[in-house]
>>> print(open('run_21.txt').read())   # compact mmCIF, C-alpha atoms
# COMPACT_ATOMS: atom_id res chain seq x y z
CA MET A 1 13.33 -11.62 -19.69
CA SER A 2 10.34 -12.63 -21.74
CA ASN A 3 9.78 -15.71 -19.60
CA HIS A 4 9.42 -13.61 -16.51
CA PHE A 5 6.91 -11.22 -17.97
CA THR A 6 4.66 -13.87 -19.55
CA THR A 7 2.33 -16.10 -17.54
CA THR A 8 1.59 -19.49 -19.16
CA GLU A 9 -1.06 -21.74 -17.72
CA VAL A 10 -0.95 -25.48 -18.44
CA PHE A 11 -4.06 -27.63 -18.25
CA ASP A 12 -4.15 -31.42 -18.12
CA THR A 13 -5.41 -33.51 -21.05
CA LYS A 14 -8.59 -34.53 -19.30
CA THR A 15 -9.64 -30.96 -18.54
CA SER A 16 -8.86 -29.74 -22.05
CA ARG A 17 -10.77 -32.62 -23.68
CA GLN A 18 -13.85 -31.97 -21.55
CA ALA A 19 -13.69 -28.25 -22.25
CA THR A 20 -13.58 -28.65 -26.00
CA THR A 21 -16.77 -30.71 -26.12
CA SER A 22 -18.71 -27.45 -26.05
CA ASN A 23 -18.32 -24.40 -28.29
CA HIS A 24 -19.93 -22.03 -25.81
CA PHE A 25 -19.65 -21.15 -22.11
CA THR A 26 -20.59 -24.18 -20.03
CA THR A 27 -21.39 -23.81 -16.36
CA GLU A 28 -20.15 -26.81 -14.39
CA ALA A 29 -21.51 -28.28 -11.21
CA PHE A 30 -19.28 -28.23 -8.17
CA ASP A 31 -17.50 -31.40 -7.26
CA THR A 32 -18.55 -32.35 -3.73
CA LYS A 33 -15.26 -34.05 -3.00
CA THR A 34 -13.25 -31.02 -4.20
CA SER A 35 -15.34 -28.65 -2.09
CA ARG A 36 -14.91 -30.86 0.97
CA GLN A 37 -11.14 -31.05 0.44
CA ALA A 38 -10.92 -27.28 0.02
CA ASN A 39 -12.80 -26.70 3.24
CA GLU A 40 -10.59 -29.19 5.07
CA THR A 41 -7.49 -27.42 3.74
CA MET A 42 -8.86 -24.05 4.84
CA ASP A 43 -9.55 -25.42 8.32
CA ALA A 44 -6.05 -26.87 8.47
CA SER A 45 -4.65 -23.45 7.69
CA SER A 46 -6.21 -22.08 10.87
CA LEU A 47 -7.13 -18.39 10.81
CA PRO A 48 -6.64 -16.15 7.75
CA HIS A 49 -3.40 -14.64 9.10
CA ALA A 50 -1.76 -18.02 8.35
CA TRP A 51 -3.16 -18.41 4.83
CA THR A 52 -0.43 -18.59 2.20
CA GLU A 53 -2.31 -20.55 -0.48
CA ASP A 54 -5.63 -19.85 -2.16
CA THR A 55 -7.85 -22.82 -1.33
CA ARG A 56 -11.16 -21.18 -2.17
CA THR A 57 -13.70 -23.06 -4.25
CA PRO A 58 -14.96 -21.08 -7.29
CA ILE A 59 -18.63 -20.10 -7.23
CA VAL A 60 -18.79 -20.48 -11.02
CA GLN A 61 -16.72 -22.63 -13.36
CA PHE A 62 -16.80 -22.31 -17.13
CA SER A 63 -14.88 -23.19 -20.24
CA PHE A 64 -13.86 -20.75 -22.96
CA HIS A 65 -11.74 -21.49 -26.06
CA GLY A 66 -10.58 -24.78 -24.64
CA SER A 67 -9.55 -23.47 -21.22
CA SER A 68 -11.32 -23.73 -17.86
CA TYR A 69 -11.80 -20.80 -15.50
CA GLY A 70 -13.30 -20.13 -12.09
CA LEU A 71 -14.80 -17.05 -10.44
CA TYR A 72 -13.85 -16.70 -6.78
CA LEU A 73 -15.58 -14.52 -4.19
CA LEU A 74 -13.57 -12.21 -1.94
CA SER A 75 -12.68 -13.67 1.47
CA ILE A 76 -14.75 -11.96 4.17
CA PRO A 77 -13.05 -13.83 7.09
CA MET A 78 -9.67 -12.52 5.97
CA TRP A 79 -10.76 -8.89 6.09
CA ILE A 80 -12.63 -9.29 9.38
CA GLU A 81 -9.55 -10.70 11.10
CA LEU A 82 -7.35 -8.04 9.51
CA VAL A 83 -9.64 -5.34 10.92
CA CYS A 84 -9.28 -6.93 14.36
CA PHE A 85 -5.50 -6.69 14.15
CA ILE A 86 -5.67 -3.06 13.03
CA VAL A 87 -8.04 -2.16 15.88
CA ALA A 88 -5.70 -3.93 18.33
CA ASN A 89 -2.77 -1.93 16.94
CA ALA A 90 -4.72 1.31 17.26
CA SER A 91 -5.68 0.45 20.85
CA LEU A 92 -2.01 -0.11 21.68
CA ALA A 93 -1.20 3.25 20.11
CA ALA A 94 -3.88 4.93 22.24
CA LEU A 95 -2.32 3.55 25.44
CA PHE A 96 1.13 4.47 24.20
CA SER A 97 -0.01 8.05 23.52
CA ILE A 98 -0.70 8.68 27.21
CA VAL A 99 2.98 8.44 28.13
CA LEU A 100 4.07 10.20 24.94
CA TYR A 101 1.75 13.12 25.65
CA PHE A 102 3.14 13.90 29.09
CA VAL A 103 6.79 13.17 28.31
CA VAL A 104 7.28 14.51 24.77
CA VAL A 105 4.27 16.42 23.46
CA ARG A 106 4.22 18.78 26.43
CA ASN A 107 8.02 19.14 26.39
CA PRO A 108 9.01 19.47 22.71
CA SER A 109 12.59 20.25 21.64
CA THR A 110 14.00 19.45 25.09
CA LYS A 111 16.63 16.98 26.24
CA LEU A 112 13.85 14.88 27.75
CA ALA A 113 12.02 14.79 24.41
CA TYR A 114 15.15 13.89 22.45
CA LEU A 115 16.34 11.20 24.88
CA THR A 116 12.99 9.45 25.36
CA GLY A 117 11.79 10.01 21.81
CA PHE A 118 14.82 8.69 20.00
CA GLY A 119 15.94 6.35 22.75
CA ILE A 120 12.69 4.66 23.80
CA PHE A 121 9.56 5.57 21.83
CA LEU A 122 10.95 5.27 18.28
CA PRO A 123 12.75 1.93 18.89
CA PHE A 124 9.55 0.56 20.38
CA TRP A 125 7.56 1.11 17.19
CA ILE A 126 10.43 -0.06 15.00
CA PHE A 127 10.93 -3.42 16.70
CA ALA A 128 7.77 -4.23 18.69
CA PRO A 129 5.49 -4.92 15.67
CA LYS A 130 7.87 -7.58 14.35
CA VAL A 131 7.85 -9.26 17.77
CA LEU A 132 4.04 -9.16 17.72
CA CYS A 133 3.96 -10.71 14.25
CA SER A 134 6.27 -13.51 15.35
CA PHE A 135 4.24 -14.11 18.51
CA CYS A 136 0.98 -14.30 16.52
CA ASP A 137 2.69 -16.37 13.79
CA LEU A 138 1.52 -14.07 10.99
CA GLN A 139 2.40 -15.71 7.67
CA ASN A 140 0.16 -13.94 5.18
CA LYS A 141 2.09 -10.98 3.71
CA ILE A 142 -0.95 -8.70 3.76
CA PHE A 143 -1.31 -9.21 7.50
CA LEU A 144 2.41 -8.62 7.98
CA PHE A 145 2.24 -5.46 5.87
CA CYS A 146 -0.77 -3.99 7.67
CA VAL A 147 0.31 -4.90 11.21
CA CYS A 148 3.97 -3.93 10.83
CA VAL A 149 3.49 -0.90 8.57
CA VAL A 150 0.24 1.05 9.02
CA THR A 151 0.15 2.02 12.71
CA PRO A 152 3.92 1.65 13.32
CA ASN A 153 4.80 3.82 10.31
CA VAL A 154 2.34 6.53 11.26
CA SER A 155 3.42 6.36 14.91
CA ILE A 156 7.13 6.72 14.08
CA PHE A 157 6.66 9.98 12.22
CA ARG A 158 4.09 11.32 14.68
CA ILE A 159 6.71 10.78 17.38
CA THR A 160 9.36 12.74 15.43
CA GLU A 161 6.89 15.55 14.83
CA ALA A 162 6.18 15.62 18.56
CA ILE A 163 9.90 15.67 19.44
CA PHE A 164 10.45 18.79 17.32
CA GLY A 165 7.19 20.48 18.32
CA PHE A 166 5.15 20.03 15.14
CA THR A 167 2.18 18.12 16.56
CA PRO A 168 -0.94 19.98 15.34
CA GLU A 169 -2.33 22.43 17.89
CA TYR A 170 -5.74 20.78 17.93
CA ALA A 171 -4.13 17.48 18.89
CA LYS A 172 -2.16 19.02 21.77
CA LYS A 173 -4.99 20.77 23.54
CA SER A 174 -5.91 17.75 25.70
CA LEU A 175 -4.87 14.16 26.38
CA SER A 176 -8.08 12.82 24.83
CA SER A 177 -7.55 14.86 21.66
CA PHE A 178 -3.99 13.62 21.34
CA ALA A 179 -4.97 10.01 22.01
CA LEU A 180 -7.61 10.19 19.27
CA TYR A 181 -5.11 11.82 16.91
CA PHE A 182 -2.25 9.41 17.64
CA ALA A 183 -4.30 6.21 17.65
CA SER A 184 -6.24 6.89 14.46
CA PRO A 185 -4.65 5.12 11.48
CA MET A 186 -6.14 7.83 9.25
CA TYR A 187 -6.00 11.60 9.61
CA LEU A 188 -9.25 13.05 10.90
CA VAL A 189 -10.74 16.21 9.38
CA TYR A 190 -10.55 19.07 11.89
CA ASP A 191 -12.87 22.08 11.65
CA LYS A 192 -11.15 25.24 12.89
CA LYS A 193 -14.43 27.18 13.21
CA SER A 194 -16.08 24.73 15.59
CA ASP A 195 -12.71 23.68 17.07
CA LYS A 196 -13.74 20.03 16.73
CA PHE A 197 -13.24 17.01 14.52
CA LEU A 198 -16.00 16.80 11.92
CA LYS A 199 -18.58 14.18 12.77
CA VAL A 200 -20.19 11.85 10.24
CA GLY A 201 -23.45 9.93 10.18
CA TRP A 202 -24.20 6.37 9.20
CA THR A 203 -24.63 7.40 5.57
CA LYS A 204 -20.95 8.31 5.34
CA VAL A 205 -19.89 5.14 7.15
CA LEU A 206 -21.86 2.98 4.74
CA TRP A 207 -20.49 5.00 1.83
CA HIS A 208 -16.95 4.04 2.84
CA LEU A 209 -18.04 0.42 3.22
CA GLN A 210 -19.55 0.45 -0.26
CA ARG A 211 -16.37 1.90 -1.74
CA PHE A 212 -14.23 -0.62 0.15
CA VAL A 213 -16.20 -3.57 -1.23
CA GLY A 214 -16.08 -2.02 -4.69
CA PHE A 215 -12.29 -1.75 -4.53
CA LEU A 216 -12.02 -5.34 -3.29
CA ILE A 217 -13.89 -6.50 -6.38
CA PHE A 218 -12.23 -4.21 -8.94
CA THR A 219 -8.68 -4.66 -7.62
CA GLY A 220 -9.10 -8.44 -7.59
CA LEU A 221 -10.35 -8.54 -11.16
CA LEU A 222 -7.56 -6.18 -12.24
CA GLN A 223 -5.01 -8.48 -10.65
CA SER A 224 -6.59 -11.42 -12.44
CA LEU A 225 -5.45 -9.88 -15.73
CA PHE A 226 -1.84 -10.44 -14.64
CA THR A 227 -2.58 -14.16 -14.83
CA LEU A 228 -5.04 -14.22 -17.72
CA SER A 229 -3.20 -12.03 -20.24
CA SER A 230 0.38 -12.24 -21.48
CA PHE A 231 0.34 -8.44 -21.87
CA PHE A 232 0.63 -8.14 -18.11
CA PRO A 233 3.84 -9.14 -16.26
CA SER A 234 3.95 -11.94 -13.73
CA TYR A 235 4.57 -11.69 -10.00
CA GLY A 236 5.53 -13.84 -7.02
CA GLN A 237 8.24 -15.78 -8.84
CA GLY A 238 11.35 -14.43 -7.13
CA THR A 239 13.69 -11.72 -8.34
CA PRO A 240 15.12 -12.46 -11.83
CA SER A 241 18.91 -12.44 -12.11
CA ASN A 242 18.87 -9.49 -14.53
CA TRP A 243 16.49 -7.34 -12.47
CA TYR A 244 19.22 -4.95 -11.26
CA HIS A 245 21.32 -4.87 -14.41
CA ILE A 246 21.99 -1.31 -15.54
CA SER A 247 20.59 -2.20 -18.97
CA GLU A 248 17.15 -2.74 -17.44
CA ILE A 249 16.97 0.98 -16.57
CA PHE A 250 16.77 1.66 -20.32
CA ASN A 251 14.57 -1.33 -21.18
CA PRO A 252 11.09 -0.24 -22.44
CA VAL A 253 9.69 -3.68 -21.55
CA MET A 254 10.76 -3.16 -17.95
CA TRP A 255 9.24 0.33 -18.03
CA LYS A 256 5.91 -1.10 -19.16
CA SER A 257 6.02 -3.75 -16.45
CA SER A 258 6.89 -1.18 -13.77
CA ILE A 259 3.97 1.04 -14.80
CA LEU A 260 1.53 -1.89 -14.71
CA TYR A 261 2.87 -2.97 -11.31
CA ALA A 262 2.48 0.60 -10.05
CA ILE A 263 -1.14 0.72 -11.22
CA LEU A 264 -1.90 -2.50 -9.35
CA PHE A 265 -0.12 -1.23 -6.24
CA GLN A 266 -2.07 2.03 -6.43
CA PHE A 267 -5.34 0.10 -6.32
CA TYR A 268 -4.04 -2.01 -3.44
CA LEU A 269 -3.30 1.14 -1.45
CA ALA A 270 -6.66 2.63 -2.45
CA THR A 271 -8.34 -0.56 -1.21
CA PHE A 272 -6.44 -0.44 2.09
CA GLY A 273 -7.25 3.26 2.40
CA GLU A 274 -10.97 2.75 1.98
CA GLY A 275 -10.86 -0.13 4.45
CA LEU A 276 -9.08 2.04 7.01
CA SER A 277 -11.51 4.89 6.30
CA PHE A 278 -14.47 2.61 6.91
CA VAL A 279 -13.07 1.25 10.18
CA THR A 280 -12.02 4.70 11.41
CA THR A 281 -15.35 6.37 10.65
CA LEU A 282 -17.24 3.40 12.11
CA ILE A 283 -15.37 3.56 15.43
CA THR A 284 -14.76 7.30 15.83
CA ARG A 285 -17.74 8.63 13.85
CA ARG A 286 -15.38 11.29 12.53
CA GLN A 287 -14.63 12.30 8.94
CA VAL A 288 -11.28 11.17 7.54
CA VAL A 289 -8.88 12.54 4.92
CA ALA A 290 -8.83 10.42 1.75
CA MET A 291 -5.56 8.53 1.35
CA MET A 292 -5.32 8.21 -2.45
CA ASN A 293 -6.40 10.66 -5.12
CA ASN A 294 -5.79 8.83 -8.39
CA PRO A 295 -2.08 9.77 -8.58
CA ILE A 296 -1.04 7.75 -11.64
CA PHE A 297 -3.85 8.93 -13.89
CA GLY A 298 -4.37 12.45 -12.52
CA SER A 299 -0.97 14.02 -11.76
CA ASN A 300 0.50 16.78 -13.89
CA SER A 301 3.88 17.00 -12.14
CA PRO A 302 6.07 14.96 -9.76
CA ALA A 303 5.31 17.40 -6.94
CA GLU A 304 1.57 16.96 -7.45
CA PHE A 305 1.97 13.17 -7.63
CA TRP A 306 3.78 12.86 -4.30
CA GLY A 307 2.47 15.95 -2.56
CA ARG A 308 -1.26 15.92 -3.25
CA ARG A 309 -2.27 12.56 -4.72
CA TRP A 310 -0.13 9.59 -3.62
CA ASN A 311 -0.74 8.32 -0.08
CA SER A 312 -1.69 11.52 1.72
CA LEU A 313 -1.39 9.66 5.02
CA ILE A 314 2.37 9.11 4.65
CA HIS A 315 2.83 12.47 2.93
CA THR A 316 1.45 14.30 5.98
CA CYS A 317 3.53 12.14 8.32
CA LEU A 318 6.72 12.91 6.39
CA LYS A 319 5.85 16.59 6.13
CA ASN A 320 5.37 17.02 9.88
CA GLY A 321 7.89 14.41 11.01
CA VAL A 322 10.81 15.05 8.62
CA TYR A 323 10.34 18.03 6.29
CA LYS A 324 9.44 20.59 8.97
CA PRO A 325 12.14 19.47 11.44
CA VAL A 326 14.82 19.73 8.73
CA ARG A 327 13.60 23.21 7.84
CA LYS A 328 13.59 24.12 11.54
CA LEU A 329 17.22 23.00 11.81
CA GLY A 330 18.17 25.33 8.95
CA GLY A 331 17.90 23.06 5.93
CA SER A 332 16.78 24.42 2.56
CA ARG A 333 13.55 23.38 0.89
CA GLU A 334 15.41 21.07 -1.46
CA MET A 335 17.34 19.54 1.43
CA ALA A 336 14.11 18.96 3.36
CA VAL A 337 12.52 17.30 0.33
CA LEU A 338 15.55 15.05 -0.08
CA ALA A 339 15.50 14.16 3.63
CA SER A 340 11.79 13.28 3.45
CA PHE A 341 12.22 10.98 0.48
CA LEU A 342 15.36 9.45 1.97
CA ALA A 343 13.46 8.74 5.20
CA SER A 344 10.71 7.09 3.16
CA GLY A 345 13.30 5.06 1.27
CA LEU A 346 15.04 3.89 4.43
CA PHE A 347 11.72 2.88 5.94
CA HIS A 348 10.93 0.82 2.85
CA GLU A 349 14.39 -0.72 3.07
CA TRP A 350 13.36 -1.99 6.50
CA ILE A 351 9.85 -3.06 5.48
CA LEU A 352 10.73 -5.19 2.49
CA PRO A 353 13.33 -7.63 3.85
CA VAL A 354 11.93 -7.79 7.39
CA VAL A 355 8.21 -7.92 6.68
CA ILE A 356 7.59 -9.09 3.11
CA PHE A 357 10.50 -11.17 1.85
CA ASP A 358 11.28 -14.67 3.10
CA HIS A 359 14.78 -14.55 1.58
CA ASP A 360 17.42 -11.88 0.99
CA GLY A 361 15.02 -9.39 -0.58
CA PRO A 362 15.89 -6.41 -2.79
CA VAL A 363 19.45 -5.19 -3.23
CA PRO A 364 20.14 -2.86 -0.26
CA GLY A 365 19.93 0.80 -1.16
CA THR A 366 18.04 0.45 -4.44
CA THR A 367 14.67 1.39 -2.95
CA SER A 368 16.23 4.46 -1.33
CA LEU A 369 17.83 5.40 -4.64
CA PHE A 370 14.40 5.28 -6.28
CA PHE A 371 13.08 7.78 -3.72
CA VAL A 372 16.19 9.97 -4.03
CA TRP A 373 15.53 10.06 -7.78
CA GLN A 374 11.98 11.27 -7.08
CA ALA A 375 13.34 13.95 -4.76
CA MET A 376 15.70 15.12 -7.50
CA LEU A 377 12.80 15.39 -9.94
CA ILE A 378 10.80 17.51 -7.50
CA SER A 379 13.83 19.69 -6.72
CA LEU A 380 14.33 20.20 -10.46
CA GLU A 381 10.66 21.15 -10.75
CA TYR A 382 11.07 23.69 -7.93
CA THR A 383 14.20 25.11 -9.58
CA VAL A 384 13.11 25.52 -13.20
CA GLY A 385 9.32 25.27 -12.93
CA HIS A 386 8.89 29.03 -12.55
CA TRP A 387 11.04 29.87 -15.56
CA LYS A 388 8.94 31.58 -18.21
CA ILE A 389 9.88 29.21 -21.02
CA VAL A 390 9.14 26.18 -18.86
CA SER A 391 5.83 27.65 -17.66
CA ASN A 392 4.75 28.37 -21.24
CA ILE A 393 5.58 24.84 -22.36
CA THR A 394 3.79 23.15 -19.45
CA ARG A 395 0.69 25.30 -19.91
CA SER A 396 0.51 24.42 -23.60
CA LEU A 397 0.74 20.66 -23.04
CA PRO A 398 -2.51 18.68 -22.70
CA GLY A 399 -3.13 17.20 -19.28
CA LEU A 400 -2.88 13.67 -20.64
CA VAL A 401 0.61 14.37 -22.03
CA LYS A 402 1.80 15.82 -18.72
CA THR A 403 0.43 12.82 -16.86
CA GLY A 404 2.25 10.52 -19.26
CA LEU A 405 5.52 12.39 -18.71
CA VAL A 406 5.13 12.08 -14.94
CA ILE A 407 4.61 8.33 -15.26
CA LEU A 408 7.60 7.93 -17.59
CA SER A 409 9.84 9.94 -15.25
CA GLY A 410 9.45 7.26 -12.60
CA ALA A 411 9.54 4.23 -14.90
CA PRO A 412 13.34 3.79 -15.39
CA LEU A 413 13.92 3.05 -11.67
CA GLY A 414 10.39 1.91 -10.91
CA HIS A 415 11.33 -1.76 -10.85
CA TRP A 416 13.75 -1.07 -7.98
CA PHE A 417 10.79 0.04 -5.88
CA CYS A 418 8.49 -2.72 -7.13
CA ASP A 419 10.89 -5.60 -6.48
CA GLY A 420 9.92 -6.21 -2.87
CA TYR A 421 6.23 -6.42 -3.71
CA VAL A 422 6.02 -8.12 -7.10
CA ASN A 423 8.78 -10.68 -6.64
CA SER A 424 7.70 -11.75 -3.16
CA ASN A 425 4.36 -13.32 -2.26
CA PHE A 426 2.77 -9.97 -1.41
CA PHE A 427 0.34 -9.96 -4.35
CA VAL A 428 -0.05 -13.74 -4.21
CA HIS A 429 -1.28 -13.56 -0.62
CA GLY A 430 -3.28 -10.41 -1.32
CA HIS A 431 -5.30 -12.05 -4.07
CA ILE A 432 -6.63 -14.57 -1.53
CA GLY A 433 -8.82 -11.85 -0.07
CA LEU A 434 -9.98 -10.33 -3.37
CA MET A 435 -12.49 -11.22 -6.05
CA ALA A 436 -10.69 -13.28 -8.67
CA LEU A 437 -11.20 -14.76 -12.12
CA LEU A 438 -8.49 -17.37 -12.63
CA PRO A 439 -7.65 -20.45 -14.68
CA LEU A 440 -8.53 -23.65 -12.86
CA LYS A 441 -5.62 -25.60 -11.48
CA ASP A 442 -4.98 -29.20 -12.40
CA GLU A 443 -6.73 -31.65 -10.14
>>> encode(input="run_21.txt", output="structure tokens")
Amino acid sequence: MSNHFTTTEVFDTKTSRQATTSNHFTTEAFDTKTSRQANETMDASSLPHAWTEDTRTPIVQFSFHGSSYGLYLLSIPMWIELVCFIVANASLAALFSIVLYFVVVRNPSTKLAYLTGFGIFLPFWIFAPKVLCSFCDLQNKIFLFCVCVVTPNVSIFRITEAIFGFTPEYAKKSLSSFALYFASPMYLVYDKKSDKFLKVGWTKVLWHLQRFVGFLIFTGLLQSLFTLSSFFPSYGQGTPSNWYHISEIFNPVMWKSSILYAILFQFYLATFGEGLSFVTTLITRRQVVAMMNNPIFGSNSPAEFWGRRWNSLIHTCLKNGVYKPVRKLGGSREMAVLASFLASGLFHEWILPVVIFDHDGPVPGTTSLFFVWQAMLISLEYTVGHWKIVSNITRSLPGLVKTGLVILSGAPLGHWFCDGYVNSNFFVHGHIGLMALLPLKDE
């Protein structure tokens, strides 16, 4: 267990001997041959969607306490190409919405809506993205995640909401409104008074760009700590044999690792969210709903974590596409919550082995069990939260304590959710596009 959660870097004798000749930071000149080889390797890797190894040349090299490090800039080409794929996905969704509007949106809760929705439209968004990824030979896990998850995931639940008649009224009033609503990877802010989507100026667009770049830098440096410090767990090394042992549910070391993984994943989603916000506001010139609201460090209850802070994009999709339909069919609030989390779990069960893992992937059902556990926590909160004794206790607790309890409530099964991301190459490939401070590899 300890070997998995400790990253040890080994440097060759030559590098160590050169580093120890100085007792202070020493900036080193770039090796022309190394730079040329790195560029040749990058060219050989074709476009960023095929990048699986970090071949960047550090902009600064230095030695500290006998070890050599390099500072790497974020990869602009990677994010430019990724934006192109997202825009292409959104354009496909816009064309798709034309048929969906006339067949399903205008005929909700009918045999036609059920047959075409569940028989044609949903299967298309479940299977077509994977075909597209294979056709384009996407190898980088970040590209696979964004192309196969963002627009397809949103589209799937917007289709189910349309089938059961829960498409927002403002999106149904015209084909153009629905196309804008369905194709946008982010939810647009709608003003009921003016009966229009709120417009934004260039100041807001540039604000999102500034935040996106800031997250690229901060998230990359945060991820660097997972390599630089033994306090942080490792990633990208395959699933350890003891990962799913029952004993690990009660292992405080695993809890710590799961929390640290979750923090890193939160910043990844925040980075993606700001990138999507920038692209959406740039193209549509409309205001968007923020995707992340500091869930790990700001939530005071499981319901607040999942309902108001963690990934509002997917929360709204699940609310309109699963929760409301279950309630419409007569299900209780608790049953609708369970169905929503189960739907999220099943979707993740599909994402992880098909999109992210190159081998067998997580144990089937464990990701869904993690989400079922979260649903149980929220149902318990709904059941006893209004009791006077419970209300008095929660009001007396400091916010920091309540936040800590929320984090700990998810920690025992957290590694079941994290497996597909931390034990695959998801973070390894993601770091290629981020700012990084890493130990230099042996030449």
>>> closest_atom_pairs(input="run_21.txt", of="segment 227-345 of chain A", to="segment 81-95 of chain A", cutoff="10 Å", atoms="all atoms listed in the file", output="Markdown table")
| residue | atom | partner | partner_atom | distance |
| --- | --- | --- | --- | --- |
| A:Gly275 | CA | A:Val83 | CA | 8.4 |
| A:Leu276 | CA | A:Val83 | CA | 8.4 |
| A:Val279 | CA | A:Val83 | CA | 7.5 |
| A:Thr280 | CA | A:Val87 | CA | 9.1 |
| A:Ile283 | CA | A:Val87 | CA | 9.3 |
>>> closest_atom_pairs(input="run_21.txt", of="segment 290-363 of chain A", to="segment 373-381 of chain A", cutoff="6 Å", atoms="only C-alpha atoms", output="CSV")
residue,atom,partner,partner_atom,distance
A:Pro302,CA,A:Ile378,CA,5.8
A:Ala303,CA,A:Ile378,CA,5.5
A:Glu334,CA,A:Ser379,CA,5.7
A:Leu338,CA,A:Ala375,CA,5.3
>>> closest_residue(input="run_21.txt", among="A:Phe427, A:Phe417, A:Trp202, A:Phe96", to="Ile351 of chain A", atoms="only C-alpha atoms")
A:Phe417
>>> atom_distance(input="run_21.txt", atom1="atom CA of Asn311 of chain A", atom2="atom CA of Thr151 of chain A")
14.3 Å
>>> axis_aligned_box(input="run_21.txt", around="segment 56-68 of chain A", padding_each_side="4 Å", output="lines of an AutoDock Vina configuration file")
center_x = -14.2
center_y = -22.4
center_z = -14.1
size_x = 17.2
size_y = 12.7
size_z = 31.9
>>> residues_around(input="run_21.txt", residues="segment 322-331 of chain A", least_positions_apart="3", cutoff="9 Å", atoms="all atoms listed in the file", output="tab-separated table (two decimals) with C-alpha atoms, keeping the file's coordinate frame")
chain	number	residue	atom	x	y	z
A	157	PHE	CA	6.66	9.98	12.22
A	160	THR	CA	9.36	12.74	15.43
A	161	GLU	CA	6.89	15.55	14.83
A	164	PHE	CA	10.45	18.79	17.32
A	165	GLY	CA	7.19	20.48	18.32
A	166	PHE	CA	5.15	20.03	15.14
A	317	CYS	CA	3.53	12.14	8.32
A	318	LEU	CA	6.72	12.91	6.39
A	319	LYS	CA	5.85	16.59	6.13
A	334	GLU	CA	15.41	21.07	-1.46
A	335	MET	CA	17.34	19.54	1.43
A	336	ALA	CA	14.11	18.96	3.36
A	337	VAL	CA	12.52	17.30	0.33
A	338	LEU	CA	15.55	15.05	-0.08
A	339	ALA	CA	15.50	14.16	3.63
A	340	SER	CA	11.79	13.28	3.45
A	343	ALA	CA	13.46	8.74	5.20
>>> atom_distance(input="run_21.txt", atom1="atom CA of Met435 of chain A", atom2="atom CA of Thr55 of chain A")
13.4 Å
>>> closest_residue(input="run_21.txt", among="A:Gln210, A:Ile142, A:Asp191, A:Val253", to="Phe272 of chain A", atoms="all atoms listed in the file")
A:Ile142
>>> closest_residue(input="run_21.txt", among="A:Val99, A:Ile356, A:Ile59, A:Ala128", to="Val428 of chain A", atoms="all atoms listed in the file")
A:Ile356
>>> atom_distance(input="run_21.txt", atom1="atom CA of Gly414 of chain A", atom2="atom CA of Ser258 of chain A")
5.5 Å
>>> closest_residue(input="run_21.txt", among="A:Pro353, A:Gly201, A:Pro233, A:Gly365", to="Gln287 of chain A", atoms="all atoms listed in the file")
A:Gly201
>>> closest_residue(input="run_21.txt", among="A:Phe121, A:Phe297, A:Trp310, A:Phe182", to="Thr403 of chain A", atoms="only C-alpha atoms")
A:Phe297
>>> residues_around(input="run_21.txt", residues="segment 100-102 of chain A", least_positions_apart="4", cutoff="9 Å", atoms="only C-alpha atoms", output="list in words")
Phe96, Arg106, Asn107, Thr116, Gly117, Phe121, Ile159, Ala162, Lys172, Ser174, Leu175, Phe178 and Ala179 of chain A
>>> residues_around(input="run_21.txt", residues="Ser247 of chain A", least_positions_apart="6", cutoff="12 Å", atoms="all atoms listed in the file", output="list in words")
Met1, Val253, Met254, Trp255, Pro412 and Leu413 of chain A
>>> write_last_selection(input="run_21.txt", atoms="C-alpha atoms", output="compact mmCIF listing (two decimals), keeping the file's coordinate frame")
# COMPACT_ATOMS: atom_id res chain seq x y z
CA MET A 1 13.33 -11.62 -19.69
CA VAL A 253 9.69 -3.68 -21.55
CA MET A 254 10.76 -3.16 -17.95
CA TRP A 255 9.24 0.33 -18.03
CA PRO A 412 13.34 3.79 -15.39
CA LEU A 413 13.92 3.05 -11.67
>>> closest_residue(input="run_21.txt", among="A:Ser301, A:Ile76, A:Ile246, A:Trp350", to="Ile126 of chain A", atoms="all atoms listed in the file")
A:Trp350
>>> residues_around(input="run_21.txt", residues="Leu313 of chain A", least_positions_apart="3", cutoff="7 Å", atoms="only C-alpha atoms", output="list in words")
Met186, Tyr187, Met291, Thr316 and Cys317 of chain A
>>> residues_around(input="run_21.txt", residues="Val205 of chain A", least_positions_apart="4", cutoff="7 Å", atoms="all atoms listed in the file", output="list in words")
Gly201, Leu209, Phe278, Thr281 and Leu282 of chain A
>>> write_last_selection(input="run_21.txt", atoms="C-alpha atoms", output="CSV table (one decimal), keeping the file's coordinate frame")
chain,number,residue,atom,x,y,z
A,201,GLY,CA,-23.4,9.9,10.2
A,209,LEU,CA,-18.0,0.4,3.2
A,278,PHE,CA,-14.5,2.6,6.9
A,281,THR,CA,-15.4,6.4,10.6
A,282,LEU,CA,-17.2,3.4,12.1
